[in-house]
$ cat upload-v3.cif   # mmCIF, C-alpha atoms
data_start
#
loop_
_atom_site.group_PDB
_atom_site.id
_atom_site.type_symbol
_atom_site.label_atom_id
_atom_site.label_comp_id
_atom_site.auth_asym_id
_atom_site.auth_seq_id
_atom_site.Cartn_x
_atom_site.Cartn_y
_atom_site.Cartn_z
ATOM 1 C CA MET A 1 215.005 155.239 -17.813
ATOM 2 C CA GLN A 2 216.126 152.643 -20.358
ATOM 3 C CA ASP A 3 219.694 151.359 -20.374
ATOM 4 C CA LEU A 4 221.998 153.023 -22.876
ATOM 5 C CA VAL A 5 223.917 150.535 -25.030
ATOM 6 C CA VAL A 6 227.190 152.449 -25.164
ATOM 7 C CA PRO A 7 228.900 152.748 -21.759
ATOM 8 C CA LEU A 8 229.680 156.291 -20.625
ATOM 9 C CA ASN A 9 233.288 155.368 -19.872
ATOM 10 C CA HIS A 10 233.981 154.406 -23.477
ATOM 11 C CA VAL A 11 232.592 157.676 -24.831
ATOM 12 C CA LEU A 12 234.732 159.552 -22.339
ATOM 13 C CA PHE A 13 237.766 157.550 -23.503
ATOM 14 C CA VAL A 14 237.154 158.660 -27.086
ATOM 15 C CA SER A 15 236.577 162.239 -25.963
ATOM 16 C CA THR A 16 239.819 162.258 -23.969
ATOM 17 C CA LEU A 17 241.810 160.787 -26.845
ATOM 18 C CA LEU A 18 240.403 163.390 -29.240
ATOM 19 C CA PHE A 19 241.187 166.199 -26.821
ATOM 20 C CA THR A 20 244.758 164.945 -26.428
ATOM 21 C CA ILE A 21 245.244 164.726 -30.185
ATOM 22 C CA GLY A 22 243.952 168.284 -30.494
ATOM 23 C CA MET A 23 246.218 169.543 -27.729
ATOM 24 C CA LEU A 24 249.198 167.768 -29.258
ATOM 25 C CA GLY A 25 248.434 169.337 -32.636
ATOM 26 C CA LEU A 26 248.156 172.749 -30.975
ATOM 27 C CA MET A 27 251.604 172.336 -29.428
ATOM 28 C CA ILE A 28 253.572 170.844 -32.323
ATOM 29 C CA ARG A 29 252.148 172.637 -35.376
ATOM 30 C CA ARG A 30 253.290 176.186 -36.090
ATOM 31 C CA ASN A 31 250.968 176.874 -39.011
ATOM 32 C CA ILE A 32 248.115 179.085 -37.763
ATOM 33 C CA ILE A 33 245.523 177.245 -39.840
ATOM 34 C CA PHE A 34 246.479 173.969 -38.170
ATOM 35 C CA ILE A 35 246.402 175.682 -34.784
ATOM 36 C CA LEU A 36 242.811 176.771 -35.453
ATOM 37 C CA MET A 37 241.937 173.235 -36.594
ATOM 38 C CA SER A 38 243.398 171.809 -33.381
ATOM 39 C CA LEU A 39 241.253 174.223 -31.384
ATOM 40 C CA GLU A 40 238.221 172.934 -33.267
ATOM 41 C CA VAL A 41 239.163 169.346 -32.421
ATOM 42 C CA MET A 42 239.539 170.233 -28.750
ATOM 43 C CA LEU A 43 236.189 172.058 -28.623
ATOM 44 C CA ASN A 44 234.594 169.091 -30.334
ATOM 45 C CA ALA A 45 236.061 166.627 -27.863
ATOM 46 C CA SER A 46 234.701 168.615 -24.928
ATOM 47 C CA ALA A 47 231.307 168.827 -26.656
ATOM 48 C CA LEU A 48 231.355 165.034 -26.995
ATOM 49 C CA ALA A 49 231.973 164.689 -23.275
ATOM 50 C CA PHE A 50 229.062 167.057 -22.500
ATOM 51 C CA ILE A 51 226.682 165.190 -24.806
ATOM 52 C CA ALA A 52 227.728 161.833 -23.369
ATOM 53 C CA ALA A 53 227.126 163.061 -19.832
ATOM 54 C CA GLY A 54 223.759 164.568 -20.806
ATOM 55 C CA ALA A 55 222.671 161.319 -22.459
ATOM 56 C CA HIS A 56 223.922 159.307 -19.507
ATOM 57 C CA TRP A 57 221.742 161.116 -16.994
ATOM 58 C CA GLY A 58 218.886 161.764 -19.441
ATOM 59 C CA GLN A 59 219.097 165.544 -18.993
ATOM 60 C CA PRO A 60 218.959 168.182 -21.773
ATOM 61 C CA ASP A 61 221.717 170.302 -20.158
ATOM 62 C CA GLY A 62 224.478 168.501 -22.049
ATOM 63 C CA GLN A 63 222.994 169.431 -25.400
ATOM 64 C CA VAL A 64 222.391 173.018 -24.250
ATOM 65 C CA ILE A 65 226.101 173.312 -23.488
ATOM 66 C CA PHE A 66 226.835 171.705 -26.855
ATOM 67 C CA LEU A 67 224.883 174.505 -28.569
ATOM 68 C CA LEU A 68 226.864 177.111 -26.626
ATOM 69 C CA ILE A 69 230.156 175.414 -27.595
ATOM 70 C CA LEU A 70 228.983 175.472 -31.205
ATOM 71 C CA SER A 71 228.408 179.246 -31.124
ATOM 72 C CA VAL A 72 231.748 179.834 -29.378
ATOM 73 C CA ALA A 73 233.501 177.763 -32.068
ATOM 74 C CA ALA A 74 231.777 179.696 -34.859
ATOM 75 C CA ALA A 75 232.717 183.102 -33.404
ATOM 76 C CA GLU A 76 236.291 181.972 -32.680
ATOM 77 C CA VAL A 77 236.817 180.624 -36.198
ATOM 78 C CA ALA A 78 235.427 183.777 -37.822
ATOM 79 C CA VAL A 79 237.800 186.069 -35.889
ATOM 80 C CA GLY A 80 240.695 183.589 -36.162
ATOM 81 C CA LEU A 81 240.461 183.337 -39.926
ATOM 82 C CA GLY A 82 240.295 187.134 -40.164
ATOM 83 C CA LEU A 83 243.574 187.182 -38.242
ATOM 84 C CA VAL A 84 244.992 184.522 -40.601
ATOM 85 C CA LEU A 85 244.370 186.865 -43.535
ATOM 86 C CA GLN A 86 246.083 189.753 -41.701
ATOM 87 C CA ILE A 87 249.121 187.644 -40.747
ATOM 88 C CA GLN A 88 249.514 186.302 -44.272
ATOM 89 C CA LYS A 89 249.329 189.878 -45.565
ATOM 90 C CA ARG A 90 251.853 191.325 -43.116
ATOM 91 C CA PHE A 91 254.438 188.563 -42.726
ATOM 92 C CA ASN A 92 253.838 186.719 -46.012
ATOM 93 C CA SER A 93 253.846 183.455 -44.069
ATOM 94 C CA LEU A 94 251.490 181.438 -41.870
ATOM 95 C CA ASP A 95 254.237 180.410 -39.439
ATOM 96 C CA MET A 96 253.397 181.665 -35.954
ATOM 97 C CA ASP A 97 257.086 181.899 -35.045
ATOM 98 C CA ASP A 98 257.331 184.779 -37.510
ATOM 99 C CA ALA A 99 254.598 186.660 -35.670
ATOM 100 C CA ASN A 100 255.610 186.172 -32.027
ATOM 101 C CA ARG A 101 257.016 189.663 -31.414
ATOM 102 C CA MET A 102 254.980 192.526 -30.014
ATOM 103 C CA ARG A 103 255.538 195.988 -31.394
ATOM 104 C CA GLY A 104 257.669 198.352 -29.298
ATOM 105 C CA MET B 1 225.288 144.835 -29.384
ATOM 106 C CA LEU B 2 225.122 146.188 -32.948
ATOM 107 C CA GLU B 3 225.108 149.761 -31.651
ATOM 108 C CA LEU B 4 228.145 149.047 -29.537
ATOM 109 C CA THR B 5 230.048 147.714 -32.569
ATOM 110 C CA LEU B 6 229.017 150.785 -34.568
ATOM 111 C CA PHE B 7 230.209 152.992 -31.757
ATOM 112 C CA TYR B 8 233.644 151.362 -31.732
ATOM 113 C CA ILE B 9 233.972 151.647 -35.518
ATOM 114 C CA ALA B 10 232.916 155.314 -35.453
ATOM 115 C CA SER B 11 235.331 156.087 -32.635
ATOM 116 C CA THR B 12 238.199 154.389 -34.462
ATOM 117 C CA VAL B 13 237.421 156.380 -37.587
ATOM 118 C CA ALA B 14 237.208 159.618 -35.611
ATOM 119 C CA LEU B 15 240.545 159.035 -33.898
ATOM 120 C CA PHE B 16 242.397 157.975 -37.053
ATOM 121 C CA ALA B 17 240.938 160.854 -39.070
ATOM 122 C CA THR B 18 241.915 163.376 -36.412
ATOM 123 C CA VAL B 19 245.464 162.034 -36.193
ATOM 124 C CA LEU B 20 245.799 162.136 -39.976
ATOM 125 C CA ALA B 21 244.343 165.663 -40.066
ATOM 126 C CA MET B 22 246.913 166.854 -37.531
ATOM 127 C CA THR B 23 249.862 165.325 -39.444
ATOM 128 C CA ARG B 24 249.125 166.478 -43.002
ATOM 129 C CA THR B 25 251.277 169.133 -44.649
ATOM 130 C CA ASN B 26 248.605 170.173 -47.129
ATOM 131 C CA ALA B 27 245.858 172.211 -45.416
ATOM 132 C CA ILE B 28 243.058 171.080 -47.743
ATOM 133 C CA HIS B 29 243.891 167.395 -47.152
ATOM 134 C CA ALA B 30 243.864 168.054 -43.424
ATOM 135 C CA LEU B 31 240.448 169.715 -43.707
ATOM 136 C CA ILE B 32 239.018 166.690 -45.493
ATOM 137 C CA TYR B 33 240.268 164.436 -42.692
ATOM 138 C CA LEU B 34 238.820 166.830 -40.145
ATOM 139 C CA ILE B 35 235.411 166.692 -41.844
ATOM 140 C CA VAL B 36 235.583 162.865 -41.713
ATOM 141 C CA SER B 37 236.351 163.117 -38.018
ATOM 142 C CA LEU B 38 233.390 165.468 -37.438
ATOM 143 C CA LEU B 39 231.076 163.095 -39.286
ATOM 144 C CA ALA B 40 232.280 160.176 -37.161
ATOM 145 C CA ILE B 41 231.609 162.235 -34.032
ATOM 146 C CA ALA B 42 228.109 162.965 -35.364
ATOM 147 C CA VAL B 43 227.596 159.179 -35.636
ATOM 148 C CA ILE B 44 228.688 158.817 -32.019
ATOM 149 C CA PHE B 45 226.218 161.548 -30.969
ATOM 150 C CA PHE B 46 223.465 159.651 -32.725
ATOM 151 C CA LEU B 47 224.413 156.362 -31.097
ATOM 152 C CA ILE B 48 224.480 157.770 -27.574
ATOM 153 C CA GLY B 49 220.981 159.209 -27.968
ATOM 154 C CA ALA B 50 221.389 162.811 -29.168
ATOM 155 C CA PRO B 51 220.046 162.907 -32.770
ATOM 156 C CA PHE B 52 219.461 166.693 -32.628
ATOM 157 C CA ALA B 53 223.095 167.322 -31.698
ATOM 158 C CA ALA B 54 224.213 164.952 -34.471
ATOM 159 C CA ALA B 55 222.271 166.968 -37.065
ATOM 160 C CA LEU B 56 223.702 170.250 -35.741
ATOM 161 C CA GLU B 57 227.218 168.790 -35.783
ATOM 162 C CA ILE B 58 226.910 168.001 -39.482
ATOM 163 C CA VAL B 59 225.103 171.202 -40.504
ATOM 164 C CA ILE B 60 227.140 173.742 -38.521
ATOM 165 C CA TYR B 61 230.554 172.110 -37.955
ATOM 166 C CA ALA B 62 231.048 170.008 -41.084
ATOM 167 C CA GLY B 63 228.965 172.413 -43.181
ATOM 168 C CA ALA B 64 229.474 176.028 -42.156
ATOM 169 C CA ILE B 65 232.719 176.167 -40.171
ATOM 170 C CA MET B 66 234.717 173.862 -42.459
ATOM 171 C CA VAL B 67 233.550 175.750 -45.556
ATOM 172 C CA LEU B 68 234.883 178.920 -43.889
ATOM 173 C CA PHE B 69 238.285 177.206 -43.570
ATOM 174 C CA VAL B 70 238.187 176.103 -47.216
ATOM 175 C CA PHE B 71 237.400 179.670 -48.372
ATOM 176 C CA VAL B 72 240.309 181.156 -46.435
ATOM 177 C CA ILE B 73 242.787 178.485 -47.586
ATOM 178 C CA MET B 74 241.763 179.057 -51.183
ATOM 179 C CA MET B 75 242.112 182.846 -50.757
ATOM 180 C CA LEU B 76 245.657 182.356 -49.427
ATOM 181 C CA ASN B 77 246.733 180.005 -52.251
ATOM 182 C CA LEU B 78 249.723 178.455 -50.458
ATOM 183 C CA GLY B 79 251.014 175.833 -52.915
ATOM 184 C CA GLU B 80 254.157 173.692 -52.784
ATOM 185 C CA LYS B 81 256.420 176.154 -50.928
ATOM 186 C CA GLY B 82 254.258 176.019 -47.788
ATOM 187 C CA ASP B 83 254.221 172.202 -48.031
ATOM 188 C CA ALA B 84 258.022 171.987 -47.986
ATOM 189 C CA ARG B 85 258.257 174.400 -45.076
ATOM 190 C CA GLU B 86 255.781 172.446 -42.955
ATOM 191 C CA ARG B 87 257.598 169.184 -43.712
ATOM 192 C CA GLN B 88 260.847 170.716 -42.538
ATOM 193 C CA LEU B 89 259.190 171.943 -39.320
ATOM 194 C CA LEU B 90 257.815 168.490 -38.444
ATOM 195 C CA GLN B 91 261.084 166.800 -37.469
ATOM 196 C CA PRO B 92 260.909 164.261 -34.572
ATOM 197 C CA HIS B 93 262.929 166.431 -32.202
ATOM 198 C CA VAL B 94 260.256 169.106 -32.545
ATOM 199 C CA TRP B 95 257.286 166.987 -31.487
ATOM 200 C CA LEU B 96 258.789 164.254 -29.295
ATOM 201 C CA GLY B 97 258.789 166.295 -26.078
ATOM 202 C CA PRO B 98 255.164 167.464 -26.189
ATOM 203 C CA ALA B 99 254.113 163.989 -27.333
ATOM 204 C CA ILE B 100 255.633 162.278 -24.282
ATOM 205 C CA LEU B 101 254.180 164.904 -21.928
ATOM 206 C CA SER B 102 250.681 164.574 -23.308
ATOM 207 C CA LEU B 103 250.987 160.775 -23.315
ATOM 208 C CA VAL B 104 251.567 160.892 -19.566
ATOM 209 C CA LEU B 105 248.509 163.126 -19.109
ATOM 210 C CA LEU B 106 246.481 160.849 -21.339
ATOM 211 C CA VAL B 107 247.389 157.678 -19.418
ATOM 212 C CA GLU B 108 246.538 159.461 -16.181
ATOM 213 C CA LEU B 109 243.137 160.584 -17.410
ATOM 214 C CA LEU B 110 242.311 157.171 -18.886
ATOM 215 C CA TYR B 111 243.180 155.526 -15.578
ATOM 216 C CA LEU B 112 240.930 157.963 -13.713
ATOM 217 C CA ILE B 113 238.008 157.438 -16.055
ATOM 218 C CA SER B 114 238.290 153.655 -15.936
ATOM 219 C CA THR B 115 238.345 153.461 -12.138
ATOM 220 C CA VAL B 116 235.461 155.842 -11.338
ATOM 221 C CA GLU B 117 231.981 154.256 -11.315
ATOM 222 C CA GLY B 118 228.928 156.296 -12.385
ATOM 223 C CA PRO B 119 225.163 155.711 -11.910
ATOM 224 C CA ALA B 120 223.037 153.714 -14.386
ATOM 225 C CA SER B 121 222.512 154.949 -17.978
ATOM 226 C CA SER B 122 219.281 156.371 -19.379
ATOM 227 C CA GLY B 123 217.644 156.822 -22.786
ATOM 228 C CA SER B 124 217.847 159.529 -25.442
ATOM 229 C CA VAL B 125 217.137 163.241 -24.936
ATOM 230 C CA SER B 126 214.525 164.795 -27.242
ATOM 231 C CA PRO B 127 215.023 168.146 -29.032
ATOM 232 C CA LYS B 128 211.862 169.392 -27.289
ATOM 233 C CA SER B 129 213.378 169.109 -23.835
ATOM 234 C CA VAL B 130 216.557 170.781 -25.129
ATOM 235 C CA GLY B 131 214.495 173.708 -26.425
ATOM 236 C CA LEU B 132 212.586 174.002 -23.169
ATOM 237 C CA ALA B 133 215.821 174.022 -21.170
ATOM 238 C CA LEU B 134 217.427 176.499 -23.590
ATOM 239 C CA PHE B 135 214.659 179.091 -23.265
ATOM 240 C CA GLY B 136 213.870 178.300 -19.640
ATOM 241 C CA PRO B 137 216.749 178.260 -17.143
ATOM 242 C CA TYR B 138 219.436 178.887 -19.803
ATOM 243 C CA VAL B 139 217.925 181.971 -21.446
ATOM 244 C CA ILE B 140 220.731 184.225 -20.183
ATOM 245 C CA ALA B 141 223.260 181.904 -21.876
ATOM 246 C CA VAL B 142 221.353 182.271 -25.153
ATOM 247 C CA GLU B 143 221.577 186.067 -24.830
ATOM 248 C CA LEU B 144 225.294 185.873 -24.108
ATOM 249 C CA ALA B 145 225.830 183.569 -27.105
ATOM 250 C CA SER B 146 224.013 186.047 -29.350
ATOM 251 C CA MET B 147 226.237 188.884 -28.100
ATOM 252 C CA LEU B 148 229.299 186.705 -28.687
ATOM 253 C CA LEU B 149 228.231 185.937 -32.248
ATOM 254 C CA LEU B 150 227.563 189.643 -32.896
ATOM 255 C CA SER B 151 231.028 190.596 -31.638
ATOM 256 C CA GLY B 152 232.520 187.810 -33.755
ATOM 257 C CA LEU B 153 230.719 189.183 -36.793
ATOM 258 C CA VAL B 154 231.907 192.748 -36.167
ATOM 259 C CA GLY B 155 235.468 191.603 -35.424
ATOM 260 C CA SER B 156 235.851 189.426 -38.491
ATOM 261 C CA TYR B 157 234.319 192.110 -40.704
ATOM 262 C CA HIS B 158 236.779 194.656 -39.351
ATOM 263 C CA LEU B 159 239.807 192.383 -39.880
ATOM 264 C CA GLY B 160 238.689 191.153 -43.289
ATOM 265 C CA ARG B 161 237.806 194.597 -44.621
ATOM 266 C CA ARG B 162 241.268 195.982 -43.943
ATOM 267 C CA TYR B 163 242.717 192.970 -45.749
ATOM 268 C CA LEU B 164 240.599 193.669 -48.817
ATOM 269 C CA ASP B 165 241.138 197.456 -48.803
ATOM 270 C CA ARG B 166 244.914 197.141 -49.071
ATOM 271 C CA GLY B 167 244.593 194.804 -52.002
ATOM 272 C CA LEU B 168 245.541 191.147 -52.415
#

$ encode --input "upload-v3.cif" --output "structure tokens"
Amino acid sequence: MQDLVVPLNHVLFVSTLLFTIGMLGLMIRRNIIFILMSLEVMLNASALAFIAAGAHWGQPDGQVIFLLILSVAAAEVAVGLGLVLQIQKRFNSLDMDDANRMRG
Amino acid sequence: MLELTLFYIASTVALFATVLAMTRTNAIHALIYLIVSLLAIAVIFFLIGAPFAAALEIVIYAGAIMVLFVFVIMMLNLGEKGDARERQLLQPHVWLGPAILSLVLLVELLYLISTVEGPASSGSVSPKSVGLALFGPYVIAVELASMLLLSGLVGSYHLGRRYLDRGL
């Protein structure tokens, strides 16, 4: 158990700031590509928190969760970008306010 | 203390790059900033003792996922019209409310993190122990992740194929 140079609190600060930036982007941008990017930023920030906690306690669990977050992000982006193509085709725009009505 | 300085520089870069990525009007420019941010986060992973995660961050996030974004943006071919529209949508009255709300949440969280004390730190985690944990107690999670990736593959193929069938 050697002492880690970077304090856990500071990593968590960075992770929180990144998550907030991502959440802010998710709320203020209406372009679906930027919404997907904000989701990536948020997933990344949570992964950073997991890794920091895993390194802090010297356990591999944090990195295991990081791998799971990575696969969730990959699957989400693949389906999300498929939807981007469909929305661009149907509404001829990437603005989510154009696509906020359900059929019927 | 060198590592601590590097950590602060990497965090600053990550935060600035993410903010710039979120405020661009051109999607490709935003992606470049996002890749910078991912690389800075990979540096942080390395500094806090997770070199395996740092490598995966670069290979999968900055490599595979961002290239997927670039492909789709180039297929869409947005151009100047989309730029003007985004600029018009980003007026202060649109983002001021959410910004103040999230600022409150942020200050709250930062206060909580700075007041709570944790136990002492420890050294780096090797890829070997990650692998042993992954295929030991977490094997069911690996199976679930594989099912998730398969459903993602089928779903994106289904959506993308209909797009191509009807013509560009």

$ atom_distance --input "upload-v3.cif" --atom1 "CA of Ser124 in chain B" --atom2 "CA of Leu4 in chain B"
15.3 Å

$ atom_distance --input "upload-v3.cif" --atom1 "CA of Val125 in chain B" --atom2 "CA of Val77 in chain A"
28.6 Å

$ interface_residues --input "upload-v3.cif" --of "chain A" --to "chain B" --cutoff "7 Å" --atoms "only C-alpha atoms" --output "number ranges by chain"
A: 1-6, 9, 13-14, 18, 20-21, 24-25, 27-28, 52, 55-60, 63-64, 68, 71, 74-75, 78-79, 81-83, 85-86

$ residues_around --input "upload-v3.cif" --residues "Ser38 in chain A" --least-positions-apart "4" --cutoff "7 Å" --atoms "all atoms listed in the file" --output "VMD selection string"
chain A and resid 22 to 23 25 to 26 34 42

$ resolve_selection --input "upload-v3.cif" --expression "the PyMOL selection byres ((chain A and resi 98-103) around 12)" --output "PDB file with C-alpha atoms, in the frame of the given file"
ATOM      1  CA  ARG A  30     253.290 176.186 -36.090  1.00  0.00           C
ATOM      2  CA  ASN A  31     250.968 176.874 -39.011  1.00  0.00           C
ATOM      3  CA  ILE A  32     248.115 179.085 -37.763  1.00  0.00           C
ATOM      4  CA  LEU A  83     243.574 187.182 -38.242  1.00  0.00           C
ATOM      5  CA  VAL A  84     244.992 184.522 -40.601  1.00  0.00           C
ATOM      6  CA  GLN A  86     246.083 189.753 -41.701  1.00  0.00           C
ATOM      7  CA  ILE A  87     249.121 187.644 -40.747  1.00  0.00           C
ATOM      8  CA  GLN A  88     249.514 186.302 -44.272  1.00  0.00           C
ATOM      9  CA  LYS A  89     249.329 189.878 -45.565  1.00  0.00           C
ATOM     10  CA  ARG A  90     251.853 191.325 -43.116  1.00  0.00           C
ATOM     11  CA  PHE A  91     254.438 188.563 -42.726  1.00  0.00           C
ATOM     12  CA  ASN A  92     253.838 186.719 -46.012  1.00  0.00           C
ATOM     13  CA  SER A  93     253.846 183.455 -44.069  1.00  0.00           C
ATOM     14  CA  LEU A  94     251.490 181.438 -41.870  1.00  0.00           C
ATOM     15  CA  ASP A  95     254.237 180.410 -39.439  1.00  0.00           C
ATOM     16  CA  MET A  96     253.397 181.665 -35.954  1.00  0.00           C
ATOM     17  CA  ASP A  97     257.086 181.899 -35.045  1.00  0.00           C
ATOM     18  CA  GLY A 104     257.669 198.352 -29.298  1.00  0.00           C
TER      19      GLY A 104
END

$ atom_distance --input "upload-v3.cif" --atom1 "CA of Leu70 in chain A" --atom2 "CA of Asn77 in chain B"
27.9 Å

$ resolve_selection --input "upload-v3.cif" --expression "the PyMOL selection byres ((chain A and resi 45) around 6)" --output "PyMOL selection string"
chain A and resi 15+18-19+42-44+46-48

$ write_last_selection --input "upload-v3.cif" --atoms "C-alpha atoms" --output "PDB file, in the frame of the given file"
ATOM      1  CA  SER A  15     236.577 162.239 -25.963  1.00  0.00           C
ATOM      2  CA  LEU A  18     240.403 163.390 -29.240  1.00  0.00           C
ATOM      3  CA  PHE A  19     241.187 166.199 -26.821  1.00  0.00           C
ATOM      4  CA  MET A  42     239.539 170.233 -28.750  1.00  0.00           C
ATOM      5  CA  LEU A  43     236.189 172.058 -28.623  1.00  0.00           C
ATOM      6  CA  ASN A  44     234.594 169.091 -30.334  1.00  0.00           C
ATOM      7  CA  SER A  46     234.701 168.615 -24.928  1.00  0.00           C
ATOM      8  CA  ALA A  47     231.307 168.827 -26.656  1.00  0.00           C
ATOM      9  CA  LEU A  48     231.355 165.034 -26.995  1.00  0.00           C
TER      10      LEU A  48
END

$ axis_aligned_box --input "upload-v3.cif" --around "range 46-65 of chain B" --padding-each-side "5 Å" --output "JSON"
{"center_x": 226.1, "center_y": 166.3, "center_z": -35.4, "size_x": 23.3, "size_y": 29.8, "size_z": 25.6}

$ closest_residue --input "upload-v3.cif" --among "B:Ile58, B:Met74, B:Ala84, B:Val104" --to "Val43 in chain B" --atoms "only C-alpha atoms"
B:Ile58
